[in-house]
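Structure file coords-v8.cif (mmCIF, C-alpha atoms and all ligand atoms) follows.
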```cif
data_structure
loop_
_atom_site.label_atom_id
_atom_site.label_comp_id
_atom_site.auth_asym_id
_atom_site.auth_seq_id
_atom_site.Cartn_x
_atom_site.Cartn_y
_atom_site.Cartn_z
CA MET A 436 41.70 13.56 17.46
CA LYS A 437 41.57 10.87 20.15
CA GLY A 438 38.45 9.90 22.10
CA PHE A 439 36.14 8.07 19.72
CA GLU A 440 38.04 4.78 19.40
CA TYR A 441 35.11 2.96 21.06
CA LEU A 442 32.77 4.19 18.33
CA GLN A 443 35.26 3.38 15.58
CA ARG A 444 35.48 -0.21 16.86
CA GLU A 445 31.73 -0.57 16.45
CA LEU A 446 31.86 0.91 12.96
CA ASP A 447 34.67 -1.50 12.05
CA GLU A 448 32.51 -4.41 13.21
CA MET A 449 29.69 -3.16 10.99
CA LYS A 450 32.11 -3.05 8.07
CA GLU A 451 33.15 -6.66 8.76
CA GLN A 452 29.51 -7.76 8.88
CA GLY A 453 28.69 -5.91 5.65
CA THR A 454 26.15 -3.63 7.37
CA PHE A 455 28.09 -0.35 7.21
CA ARG A 456 26.29 2.03 4.87
CA LYS A 457 27.40 5.13 3.02
CA LEU A 458 24.91 7.88 2.25
CA VAL A 459 23.80 7.92 -1.38
CA PRO A 460 23.68 11.53 -2.62
CA LEU A 461 21.25 12.34 -5.41
CA GLU A 462 22.64 14.63 -8.09
CA SER A 463 19.19 15.59 -9.38
CA GLU A 464 15.84 16.58 -7.96
CA GLN A 465 13.68 13.87 -6.43
CA GLY A 466 11.54 12.03 -9.00
CA SER A 467 10.65 8.70 -10.55
CA LYS A 468 14.19 8.74 -11.95
CA VAL A 469 17.15 10.30 -10.17
CA VAL A 470 20.84 10.73 -10.96
CA ILE A 471 23.28 8.83 -8.74
CA ASN A 472 27.01 8.66 -9.51
CA GLY A 473 26.33 10.40 -12.83
CA LYS A 474 23.83 7.73 -13.90
CA GLU A 475 20.06 7.97 -14.21
CA VAL A 476 18.29 5.25 -12.19
CA ILE A 477 14.69 4.40 -11.30
CA GLN A 478 13.86 5.72 -7.83
CA LEU A 479 12.02 3.24 -5.60
CA SER A 480 13.23 4.52 -2.23
CA SER A 481 11.56 7.87 -1.67
CA ASN A 482 8.42 8.74 0.29
CA ASN A 483 7.45 11.19 -2.43
CA TYR A 484 4.19 9.25 -3.01
CA LEU A 485 2.49 11.81 -5.21
CA GLY A 486 5.54 13.45 -6.76
CA LEU A 487 4.74 16.70 -4.93
CA THR A 488 8.39 17.52 -4.10
CA SER A 489 8.68 18.97 -7.60
CA HIS A 490 5.03 19.76 -8.42
CA PRO A 491 4.90 23.09 -10.34
CA ARG A 492 2.28 24.51 -7.95
CA LEU A 493 4.46 23.80 -4.89
CA ARG A 494 7.56 25.17 -6.58
CA GLN A 495 5.73 28.39 -7.40
CA ALA A 496 4.26 28.69 -3.90
CA ALA A 497 7.74 28.32 -2.37
CA LEU A 498 9.30 30.84 -4.76
CA SER A 499 6.59 33.46 -4.15
CA ALA A 500 6.91 32.97 -0.38
CA VAL A 501 10.66 33.59 -0.51
CA GLU A 502 10.17 36.71 -2.59
CA LYS A 503 7.50 38.11 -0.33
CA TYR A 504 8.67 36.95 3.12
CA GLY A 505 12.34 36.02 2.79
CA ALA A 506 14.19 32.86 3.75
CA GLY A 507 13.50 32.38 7.46
CA THR A 508 11.33 33.46 10.39
CA GLY A 509 13.89 34.37 13.03
CA SER A 510 12.02 33.05 16.05
CA VAL A 511 10.17 30.18 17.66
CA ARG A 512 6.41 30.15 17.18
CA THR A 513 5.58 31.29 20.73
CA ILE A 514 7.80 34.38 20.68
CA ALA A 515 7.87 36.14 17.31
CA GLY A 516 7.91 33.33 14.75
CA THR A 517 4.22 32.81 13.99
CA LEU A 518 3.29 34.21 10.58
CA THR A 519 -0.33 34.33 9.47
CA MET A 520 0.55 31.61 6.93
CA HIS A 521 1.44 29.20 9.78
CA GLU A 522 -2.06 29.57 11.17
CA GLU A 523 -3.55 29.33 7.69
CA LEU A 524 -1.82 25.97 7.17
CA GLU A 525 -3.04 24.70 10.55
CA LYS A 526 -6.62 25.71 9.76
CA LYS A 527 -6.36 23.92 6.44
CA LEU A 528 -4.95 20.77 8.06
CA ALA A 529 -7.72 20.71 10.68
CA GLU A 530 -10.37 21.02 7.97
CA PHE A 531 -8.63 18.35 5.91
CA LYS A 532 -8.50 15.93 8.85
CA HIS A 533 -12.03 16.82 10.03
CA THR A 534 -10.80 17.90 13.46
CA GLU A 535 -11.30 21.04 15.54
CA ALA A 536 -7.70 22.19 15.34
CA ALA A 537 -4.18 21.29 14.22
CA LEU A 538 -0.64 22.28 15.15
CA VAL A 539 2.48 22.07 12.98
CA PHE A 540 5.83 20.90 14.34
CA GLN A 541 9.25 21.01 12.65
CA SER A 542 9.03 17.36 11.57
CA GLY A 543 6.94 14.24 11.96
CA PHE A 544 9.61 12.96 14.33
CA THR A 545 9.36 15.94 16.67
CA THR A 546 5.55 15.83 16.50
CA ASN A 547 5.46 12.34 18.01
CA GLN A 548 8.10 13.27 20.55
CA GLY A 549 6.39 16.54 21.41
CA VAL A 550 2.88 15.15 21.77
CA LEU A 551 3.74 12.05 23.80
CA SER A 552 6.14 13.82 26.14
CA ALA A 553 3.66 16.63 26.78
CA ILE A 554 0.45 14.78 27.58
CA LEU A 555 1.54 11.80 29.71
CA THR A 556 2.73 11.69 33.32
CA ASP A 557 3.53 8.97 35.85
CA LYS A 558 -0.21 8.62 36.48
CA ASP A 559 -0.74 7.36 32.92
CA VAL A 560 0.06 4.38 30.75
CA VAL A 561 0.95 4.25 27.07
CA ILE A 562 0.12 1.09 25.14
CA SER A 563 2.18 0.86 21.97
CA ASP A 564 2.31 -1.48 18.94
CA ALA A 565 5.58 -3.44 18.86
CA LEU A 566 6.47 -2.12 15.39
CA ASN A 567 5.74 1.56 15.97
CA HIS A 568 8.08 4.13 14.45
CA ALA A 569 11.26 5.20 16.27
CA SER A 570 9.83 8.67 16.90
CA ILE A 571 6.95 7.14 18.88
CA ILE A 572 9.37 4.98 20.84
CA ASP A 573 11.55 8.00 21.60
CA GLY A 574 8.49 10.06 22.54
CA ILE A 575 7.49 7.35 25.01
CA ARG A 576 11.02 7.31 26.43
CA LEU A 577 10.62 11.01 27.23
CA THR A 578 7.58 10.42 29.46
CA LYS A 579 7.33 9.07 32.98
CA ALA A 580 4.23 7.10 31.97
CA ALA A 581 4.10 3.32 32.42
CA ARG A 582 4.70 1.46 29.16
CA LYS A 583 3.08 -1.57 27.65
CA VAL A 584 3.87 -3.00 24.24
CA TYR A 585 1.34 -5.18 22.42
CA LYS A 586 2.24 -7.68 19.70
CA HIS A 587 2.25 -6.10 16.27
CA ALA A 588 -1.32 -5.41 15.04
CA ASP A 589 -2.63 -8.01 17.52
CA THR A 590 -5.86 -6.71 19.05
CA LYS A 591 -6.17 -9.69 21.43
CA ASP A 592 -2.84 -8.74 22.94
CA LEU A 593 -3.92 -5.10 22.99
CA GLU A 594 -7.00 -6.09 24.99
CA ARG A 595 -4.77 -7.96 27.45
CA ALA A 596 -2.70 -4.79 27.92
CA LEU A 597 -5.85 -2.71 28.41
CA LYS A 598 -7.20 -5.14 31.03
CA GLU A 599 -3.88 -5.04 32.88
CA SER A 600 -3.89 -1.26 33.09
CA ALA A 601 -7.22 -0.37 34.66
CA ASP A 602 -5.68 1.71 37.45
CA TYR A 603 -4.14 4.50 35.43
CA ARG A 604 -5.60 7.98 34.92
CA VAL A 605 -5.17 7.87 31.13
CA ARG A 606 -4.59 4.84 28.93
CA LEU A 607 -3.24 5.97 25.56
CA ILE A 608 -3.10 3.46 22.71
CA VAL A 609 -0.61 4.52 20.05
CA THR A 610 -0.09 2.99 16.63
CA ASP A 611 1.30 3.77 13.21
CA GLY A 612 -1.57 4.01 10.70
CA VAL A 613 0.56 2.38 7.99
CA PHE A 614 3.69 0.60 9.16
CA SER A 615 6.68 2.09 7.42
CA MET A 616 8.78 -1.04 6.90
CA ASP A 617 5.99 -3.52 6.05
CA GLY A 618 3.33 -1.38 4.40
CA ASN A 619 0.45 -3.00 6.33
CA ILE A 620 -2.42 -0.97 7.77
CA ALA A 621 -3.18 -0.95 11.52
CA PRO A 622 -6.47 -2.68 12.51
CA LEU A 623 -7.90 0.68 13.46
CA PRO A 624 -11.63 -0.20 13.65
CA GLU A 625 -10.90 -2.92 16.23
CA ILE A 626 -8.46 -0.66 18.10
CA VAL A 627 -11.08 2.10 18.32
CA GLU A 628 -13.74 -0.36 19.55
CA LEU A 629 -11.42 -1.60 22.27
CA ALA A 630 -10.53 1.97 23.21
CA GLU A 631 -14.21 2.81 23.57
CA LYS A 632 -14.88 -0.36 25.58
CA TYR A 633 -11.99 0.36 27.99
CA ASP A 634 -12.28 4.14 27.99
CA ALA A 635 -8.81 4.63 26.46
CA LEU A 636 -7.48 7.34 24.13
CA VAL A 637 -6.17 6.55 20.63
CA MET A 638 -3.27 8.21 18.82
CA VAL A 639 -2.51 7.31 15.19
CA ASP A 640 0.65 8.25 13.31
CA ASP A 641 -0.47 8.57 9.71
CA ALA A 642 2.92 9.54 8.27
CA HIS A 643 2.55 6.96 5.48
CA ALA A 644 -1.23 7.21 5.13
CA SER A 645 -1.76 10.94 4.66
CA GLY A 646 -1.94 11.65 0.94
CA VAL A 647 -2.29 7.92 0.34
CA LEU A 648 -5.41 6.49 2.05
CA GLY A 649 -8.88 7.91 2.67
CA GLU A 650 -10.84 10.53 0.73
CA ASN A 651 -8.28 12.84 -0.98
CA GLY A 652 -5.60 11.24 1.20
CA ARG A 653 -7.10 12.14 4.58
CA GLY A 654 -5.47 9.07 6.13
CA THR A 655 -6.44 5.83 7.88
CA VAL A 656 -9.01 7.38 10.23
CA ASN A 657 -11.05 8.61 7.29
CA HIS A 658 -10.27 5.46 5.26
CA PHE A 659 -12.01 3.35 7.93
CA GLY A 660 -14.87 5.82 8.47
CA LEU A 661 -13.64 6.64 11.99
CA ASP A 662 -13.72 10.45 11.80
CA GLY A 663 -14.42 11.85 15.26
CA ARG A 664 -13.51 8.62 17.09
CA VAL A 665 -9.68 8.88 17.13
CA HIS A 666 -8.37 11.39 19.65
CA ILE A 667 -5.01 12.27 18.10
CA GLN A 668 -3.96 12.11 14.45
CA VAL A 669 -0.31 12.77 13.69
CA GLY A 670 0.80 13.38 10.13
CA THR A 671 3.95 14.37 8.32
CA LEU A 672 4.36 17.07 5.70
CA SER A 673 7.55 15.40 4.47
CA LYS A 674 6.27 12.36 2.59
CA ALA A 675 3.19 12.54 0.32
CA ILE A 676 2.90 16.27 1.05
CA GLY A 677 6.38 16.59 -0.43
CA VAL A 678 7.90 19.28 1.81
CA LEU A 679 8.94 19.18 5.49
CA GLY A 680 7.26 19.10 8.87
CA GLY A 681 4.75 17.25 10.99
CA TYR A 682 1.40 18.07 12.55
CA VAL A 683 -1.08 16.92 15.08
CA ALA A 684 -4.81 17.18 14.37
CA SER A 685 -7.11 16.91 17.37
CA THR A 686 -9.38 18.89 19.68
CA ARG A 687 -8.92 22.60 20.47
CA THR A 688 -8.05 21.60 24.04
CA LEU A 689 -5.17 19.35 23.01
CA ILE A 690 -3.80 21.90 20.55
CA ASP A 691 -3.96 24.74 23.12
CA TYR A 692 -2.21 22.48 25.62
CA LEU A 693 0.56 21.64 23.13
CA ILE A 694 1.10 25.32 22.35
CA HIS A 695 2.03 25.65 26.03
CA LYS A 696 3.72 22.30 26.65
CA GLY A 697 4.95 20.80 23.35
CA ARG A 698 8.68 21.19 23.79
CA PRO A 699 9.87 21.02 20.15
CA PHE A 700 7.08 23.51 19.32
CA LEU A 701 8.15 25.83 22.13
CA PHE A 702 11.90 25.67 21.78
CA SER A 703 12.69 25.31 18.07
CA THR A 704 12.34 27.91 15.32
CA SER A 705 9.27 27.87 13.09
CA HIS A 706 9.20 26.72 9.47
CA PRO A 707 10.52 29.08 6.79
CA PRO A 708 7.86 30.74 4.60
CA ALA A 709 8.74 28.61 1.56
CA VAL A 710 8.02 25.42 3.52
CA THR A 711 4.70 26.65 4.88
CA GLU A 712 3.36 28.07 1.62
CA ALA A 713 4.38 24.92 -0.26
CA CYS A 714 2.53 22.79 2.33
CA ILE A 715 -0.61 24.93 1.96
CA GLU A 716 -0.45 24.45 -1.80
CA ALA A 717 0.08 20.71 -1.35
CA ILE A 718 -3.23 20.41 0.52
CA ASN A 719 -4.91 22.36 -2.31
CA VAL A 720 -3.38 19.89 -4.78
CA LEU A 721 -4.70 16.91 -2.78
CA ILE A 722 -8.21 18.34 -2.95
CA GLU A 723 -8.05 19.51 -6.58
CA GLU A 724 -6.00 16.75 -8.23
CA PRO A 725 -7.37 13.44 -6.89
CA GLU A 726 -6.07 11.74 -10.04
CA LEU A 727 -2.61 11.72 -8.42
CA ILE A 728 -3.80 9.34 -5.69
CA GLU A 729 -5.59 7.19 -8.28
CA LYS A 730 -2.35 6.91 -10.27
CA LEU A 731 -0.41 6.05 -7.09
CA TRP A 732 -2.75 3.12 -6.41
CA GLU A 733 -2.76 1.96 -10.03
CA ASN A 734 1.06 1.86 -9.94
CA THR A 735 1.00 0.15 -6.54
CA ARG A 736 -1.24 -2.67 -7.80
CA PHE A 737 0.86 -3.13 -10.95
CA PHE A 738 4.22 -3.28 -9.17
CA LYS A 739 3.07 -5.43 -6.24
CA LYS A 740 1.50 -7.96 -8.61
CA GLY A 741 4.69 -8.00 -10.68
CA LEU A 742 6.89 -8.70 -7.64
CA GLU A 743 4.55 -11.42 -6.38
CA GLU A 744 4.37 -13.09 -9.79
CA LEU A 745 8.17 -13.20 -9.86
CA GLY A 746 8.04 -15.10 -6.56
CA PHE A 747 9.35 -12.47 -4.14
CA GLN A 748 8.32 -12.48 -0.47
CA THR A 749 6.44 -9.23 -0.02
CA GLY A 750 5.07 -9.83 3.48
CA THR A 751 1.79 -8.27 4.56
CA SER A 752 1.87 -5.05 2.58
CA GLU A 753 -1.42 -3.38 1.57
CA THR A 754 -0.07 0.01 0.50
CA PRO A 755 2.52 1.53 -1.89
CA ILE A 756 5.28 0.40 0.53
CA THR A 757 6.26 -3.08 -0.64
CA PRO A 758 9.15 -4.84 1.11
CA VAL A 759 11.09 -7.50 -0.77
CA ILE A 760 12.13 -9.65 2.17
CA VAL A 761 15.55 -11.25 1.82
CA GLY A 762 16.29 -12.23 5.46
CA ASP A 763 20.08 -12.02 5.64
CA GLU A 764 21.36 -8.50 6.33
CA ALA A 765 24.50 -8.52 4.22
CA LEU A 766 22.68 -10.20 1.33
CA SER A 767 19.95 -7.61 1.38
CA HIS A 768 22.52 -4.79 1.12
CA LYS A 769 24.28 -6.70 -1.67
CA PHE A 770 20.97 -7.05 -3.48
CA SER A 771 20.36 -3.31 -3.15
CA ASP A 772 23.87 -2.56 -4.49
CA ARG A 773 23.33 -4.89 -7.44
CA LEU A 774 19.97 -3.25 -8.23
CA LEU A 775 21.67 0.14 -8.26
CA GLU A 776 24.35 -1.14 -10.60
CA TYR A 777 21.58 -2.23 -13.00
CA GLY A 778 19.59 1.00 -12.71
CA VAL A 779 17.19 0.76 -9.72
CA PHE A 780 17.60 2.62 -6.44
CA ALA A 781 15.91 0.53 -3.72
CA GLN A 782 17.54 0.69 -0.29
CA GLY A 783 18.43 -2.33 1.80
CA ILE A 784 16.96 -2.10 5.32
CA ALA A 785 18.33 -4.16 8.18
CA PHE A 786 18.46 -4.36 11.98
CA PRO A 787 17.76 -2.20 14.03
CA THR A 788 15.23 -0.66 11.62
CA VAL A 789 13.66 -4.12 11.13
CA ALA A 790 13.98 -7.29 13.22
CA LYS A 791 17.10 -9.47 12.87
CA GLY A 792 16.69 -12.02 10.08
CA MET A 793 14.02 -9.88 8.37
CA ALA A 794 16.34 -7.68 6.29
CA ARG A 795 14.79 -6.45 3.09
CA VAL A 796 14.91 -4.18 0.13
CA ARG A 797 12.06 -1.74 0.59
CA THR A 798 10.27 -0.34 -2.43
CA ILE A 799 7.85 2.57 -2.67
CA VAL A 800 6.22 3.37 -5.99
CA THR A 801 4.90 6.86 -6.63
CA ALA A 802 2.28 8.49 -8.84
CA GLN A 803 5.14 9.79 -10.98
CA HIS A 804 6.36 6.39 -12.20
CA SER A 805 5.39 5.32 -15.70
CA LYS A 806 4.36 1.71 -16.42
CA GLU A 807 7.53 1.38 -18.52
CA GLU A 808 9.72 2.41 -15.60
CA LEU A 809 8.00 -0.04 -13.27
CA GLN A 810 8.25 -2.85 -15.81
CA GLU A 811 11.95 -2.12 -16.28
CA ALA A 812 12.40 -2.16 -12.50
CA LEU A 813 10.72 -5.59 -12.29
CA THR A 814 13.04 -6.96 -14.98
CA ILE A 815 16.05 -5.65 -13.04
CA PHE A 816 14.76 -7.09 -9.75
CA GLU A 817 14.44 -10.50 -11.38
CA LYS A 818 17.92 -10.39 -12.93
CA ALA A 819 19.71 -9.23 -9.75
CA ALA A 820 17.79 -11.68 -7.52
CA LYS A 821 18.56 -14.65 -9.77
CA GLU A 822 22.26 -13.75 -9.82
CA LEU A 823 22.31 -13.66 -6.00
CA SER A 824 20.14 -16.80 -5.66
CA ILE A 825 17.43 -14.83 -3.88
CA LEU A 826 14.91 -16.14 -6.43
N1 LIG A 901 6.33 8.43 11.68
C1 LIG A 901 6.53 7.48 10.77
C2 LIG A 901 5.65 6.27 10.79
C3 LIG A 901 7.55 7.63 9.81
O1 LIG A 901 7.77 6.67 8.89
C4 LIG A 901 8.34 8.80 9.82
C5 LIG A 901 9.43 9.03 8.78
N2 LIG A 901 10.42 8.10 8.72
C6 LIG A 901 8.10 9.75 10.79
C7 LIG A 901 7.08 9.56 11.70
C8 LIG A 901 8.93 10.99 10.86
O2 LIG A 901 8.49 11.92 9.93
P1 LIG A 901 9.46 13.07 9.43
O3 LIG A 901 10.33 12.49 8.37
O4 LIG A 901 8.53 14.13 8.94
O5 LIG A 901 10.24 13.53 10.62
#
```
Mind turning the file's structure into structure tokens?
Amino acid sequence: MKGFEYLQRELDEMKEQGTFRKLVPLESEQGSKVVINGKEVIQLSSNNYLGLTSHPRLRQAALSAVEKYGAGTGSVRTIAGTLTMHEELEKKLAEFKHTEAALVFQSGFTTNQGVLSAILTDKDVVISDALNHASIIDGIRLTKAARKVYKHADTKDLERALKESADYRVRLIVTDGVFSMDGNIAPLPEIVELAEKYDALVMVDDAHASGVLGENGRGTVNHFGLDGRVHIQVGTLSKAIGVLGGYVASTRTLIDYLIHKGRPFLFSTSHPPAVTEACIEAINVLIEEPELIEKLWENTRFFKKGLEELGFQTGTSETPITPVIVGDEALSHKFSDRLLEYGVFAQGIAFPTVAKGMARVRTIVTAQHSKEELQEALTIFEKAAKELSIL
């Protein structure tokens, strides 16, 4: 069919530059090892921090939910698609995050979009970290609010932006809690102090911090002892929680407002029973099996130290996300391909996901990895990097 030649030209250019990527289908369930092209390889690319995607308690919760309630819900939440289990999950999430209320969206992506687009108007300003996630950027694009971007994790620059925006009704500072491509943690205590000084609101996207940082994985707000001082906490149910979805934890007022104005919440069908029951069980697991988070951090320290000792550039990471920065885009994809050939799945990440010249192979260890698997991965990283003159 004719019509998409202009898109094909762009794809052809990507092929010439070595940045065209094919999807990599897994032939097994998610885990510390996965099967790709018929071969078992060590998985270092998933967000399955605690291995909950295949935890027996989540599996059972999902199976029982299907048996009792079927496969889907048949409606959006505001019409006929709210089951008691949806409200049970939200109550659990609010308790977990130490907030008055919580609301679940279809994904973390739609949560950011839904919250930002609902609560800001042309009377307001949003002040956003330069490296915030795409879903925050898209959420901001959906508002008529004025926009200011501060230099990544730079609180001096944030203060400049706050000083420049005294005339707006609401000043909303928004930041990732843990930055997904670098693994560093936002300077939340300083951000909250500035917000209090300038009477601004704070929104934190803890997609990569929930289940990872804070008591039982409550996230960065709890990690820094800031419970009750951050206005909006966004989380995802798709990473450490191991299932699918996103949520916002905040005051009853904000949640009631979003029930009326959060467009993805209003206009998209609610989660199937299996998803919701598995998420409820995941929160129970976080509370009852804290050893999973301990193992995640033990593995993180081991693997990070190993990469650093080999001489890799790992940037500013402080969490289980450790980038191996290569710089050149094509080389970073080549490195990733070579790793896969030798038995490690670690994706190359290039522009526009990260800045030009900062291409990398991103690694995420999980609680499921054994020391032997991580040691083997380090040996393979060294071999592939030496062959490609990265080390
Ligand atoms: N925020 C951040 C910081 C993320 O890394 C992601 C996932 N890439 C999301 C939001 C979106 O979450 P989800 O996958 O649940 O849509």
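For the pair CA of Pro699 (chain A) and atom C8 of ligand LIG 901 (chain A), the separation is 13.7 Å.
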Size and centre in Å, one decimal, axis-aligned box, all listed region 811-821 of chain A atoms plus 6 Å per side, as JSON:
```
{"center_x": 15.2, "center_y": -8.4, "center_z": -11.9, "size_x": 21.0, "size_y": 24.5, "size_z": 20.8}
```
message: At a cut-off of 10 Å and counting only C-alpha atoms and all ligand atoms, what residues surround ligand LIG 901 (chain A)? Please answer as a PyMOL selection string.
response: chain A and resi 482+540-548+566-571+610-616+639-644+669-674+676-682
message: Applying 10 Å and only C-alpha atoms, which residues near Glu628 (chain A) remain after dropping the ones on its own chain fewer than 6 positions away? List them as a list in words.
response: Asp634, Ala635 and Arg664 of chain A
- prompt: Separation of CA of Tyr633 (chain A) and CA of Gly649 (chain A), in Å?
  reply: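 Distance between the two atoms: 26.6 Å.
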- prompt: Which residue, A:Ala596, A:Val584, A:Val720, A:Gly438, has the smallest gap to Pro491 (chain A) when you use all atoms listed in the file?
  reply: A:Val720
task: Figure out the distance between CA of Phe455 (chain A) and CA of Ala781 (chain A), please, to one decimal in Å.
output: 16.4 Å
field: From A:Leu442, A:Leu775, A:Val710, A:Leu809, residue lying nearest Leu742 (chain A) [all atoms listed in the file]
entry: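 Using all atoms listed in the file, Leu742 (chain A) sits closest to A:Leu809.
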field: Contacts of Thr754 (chain A) within 8 Å, all atoms listed in the file, excl. fewer than 6 positions in-chain, as a list of chain:residue names
entry: A:Val613, A:Gly618, A:Asn619, A:Ile620, A:Thr735
Take the residues from that selection and write them out as a PDB file, in the frame of the given file, keeping C-alpha atoms.
```
ATOM      1  CA  VAL A 613       0.560   2.380   7.990  1.00  0.00           C
ATOM      2  CA  GLY A 618       3.330  -1.380   4.400  1.00  0.00           C
ATOM      3  CA  ASN A 619       0.450  -3.000   6.330  1.00  0.00           C
ATOM      4  CA  ILE A 620      -2.420  -0.970   7.770  1.00  0.00           C
ATOM      5  CA  THR A 735       1.000   0.150  -6.540  1.00  0.00           C
TER       6      THR A 735
END
```
message: I'd like to know which of A:Ser499, A:Ala537, A:Val476, A:Glu445 is closest to Ile694 (chain A), using all atoms listed in the file.
response: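 Of A:Ser499, A:Ala537, A:Val476, A:Glu445, the one nearest Ile694 (chain A) is A:Ala537, counting all atoms listed in the file.
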- request: Give me the residues within 9 Å of Ser600 (chain A) as a ChimeraX atom specification, counting only C-alpha atoms and dropping any in the same chain fewer than 5 places off.
  value: /A:560,583,595,606
- prompt: Smallest atom-to-atom distance to Ile815 (chain A): which of A:Phe439, A:Leu518, A:Thr757, A:Ile477, using all atoms listed in the file?
  reply: A:Ile477
field: Close residues, region 456-468 of chain A itself excluded, 8 Å, only C-alpha atoms, min 5 positions apart in chain, as a list of chain:residue names
entry: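 After dropping sequence-adjacent residues, the list is A:Gly473, A:Glu475, A:Val476, A:Ile477, A:Gln478, A:Leu479, A:Ser481, A:Asn483, A:Gly486, A:Thr488, A:Ser489, A:Thr801, A:Gln803, A:His804.
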field: Cut-off 9 Å around (-5.5, 22.6, 2.8) with only C-alpha atoms: residues as a list of chain:residue names
entry: A:Glu523, A:Leu524, A:Glu525, A:Lys526, A:Lys527, A:Leu528, A:Ala529, A:Glu530, A:Phe531, A:Cys714, A:Ile715, A:Glu716, A:Ala717, A:Ile718, A:Asn719, A:Val720, A:Leu721, A:Ile722
- request: Compare A:Thr788, A:Ser685, A:Gln495, A:Thr513 by their minimum atom-to-atom distance to Val550 (chain A), counting only C-alpha atoms, and give me the closest one.
  value: A:Ser685
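You can rank A:His768, A:Arg698, A:Arg687, A:Lys821 by their closest distance to Gly549 (chain A) using only C-alpha atoms, and at the top of that list sits A:Arg698.
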- request: Might you pull out every residue within 12 Å of Pro725 (chain A), with only C-alpha atoms counted and same-chain residues fewer than 5 positions away left off, and present them as a ChimeraX atom specification?
  value: /A:485,646-653,717-720,730-732,802
Could those residues be written to a file, using C-alpha atoms, as a PDB file, in the frame of the given file?
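What ended up in out32.pdb:
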```pdb
ATOM      1  CA  LEU A 485       2.490  11.810  -5.210  1.00  0.00           C
ATOM      2  CA  GLY A 646      -1.940  11.650   0.940  1.00  0.00           C
ATOM      3  CA  VAL A 647      -2.290   7.920   0.340  1.00  0.00           C
ATOM      4  CA  LEU A 648      -5.410   6.490   2.050  1.00  0.00           C
ATOM      5  CA  GLY A 649      -8.880   7.910   2.670  1.00  0.00           C
ATOM      6  CA  GLU A 650     -10.840  10.530   0.730  1.00  0.00           C
ATOM      7  CA  ASN A 651      -8.280  12.840  -0.980  1.00  0.00           C
ATOM      8  CA  GLY A 652      -5.600  11.240   1.200  1.00  0.00           C
ATOM      9  CA  ARG A 653      -7.100  12.140   4.580  1.00  0.00           C
ATOM     10  CA  ALA A 717       0.080  20.710  -1.350  1.00  0.00           C
ATOM     11  CA  ILE A 718      -3.230  20.410   0.520  1.00  0.00           C
ATOM     12  CA  ASN A 719      -4.910  22.360  -2.310  1.00  0.00           C
ATOM     13  CA  VAL A 720      -3.380  19.890  -4.780  1.00  0.00           C
ATOM     14  CA  LYS A 730      -2.350   6.910 -10.270  1.00  0.00           C
ATOM     15  CA  LEU A 731      -0.410   6.050  -7.090  1.00  0.00           C
ATOM     16  CA  TRP A 732      -2.750   3.120  -6.410  1.00  0.00           C
ATOM     17  CA  ALA A 802       2.280   8.490  -8.840  1.00  0.00           C
TER      18      ALA A 802
END
```
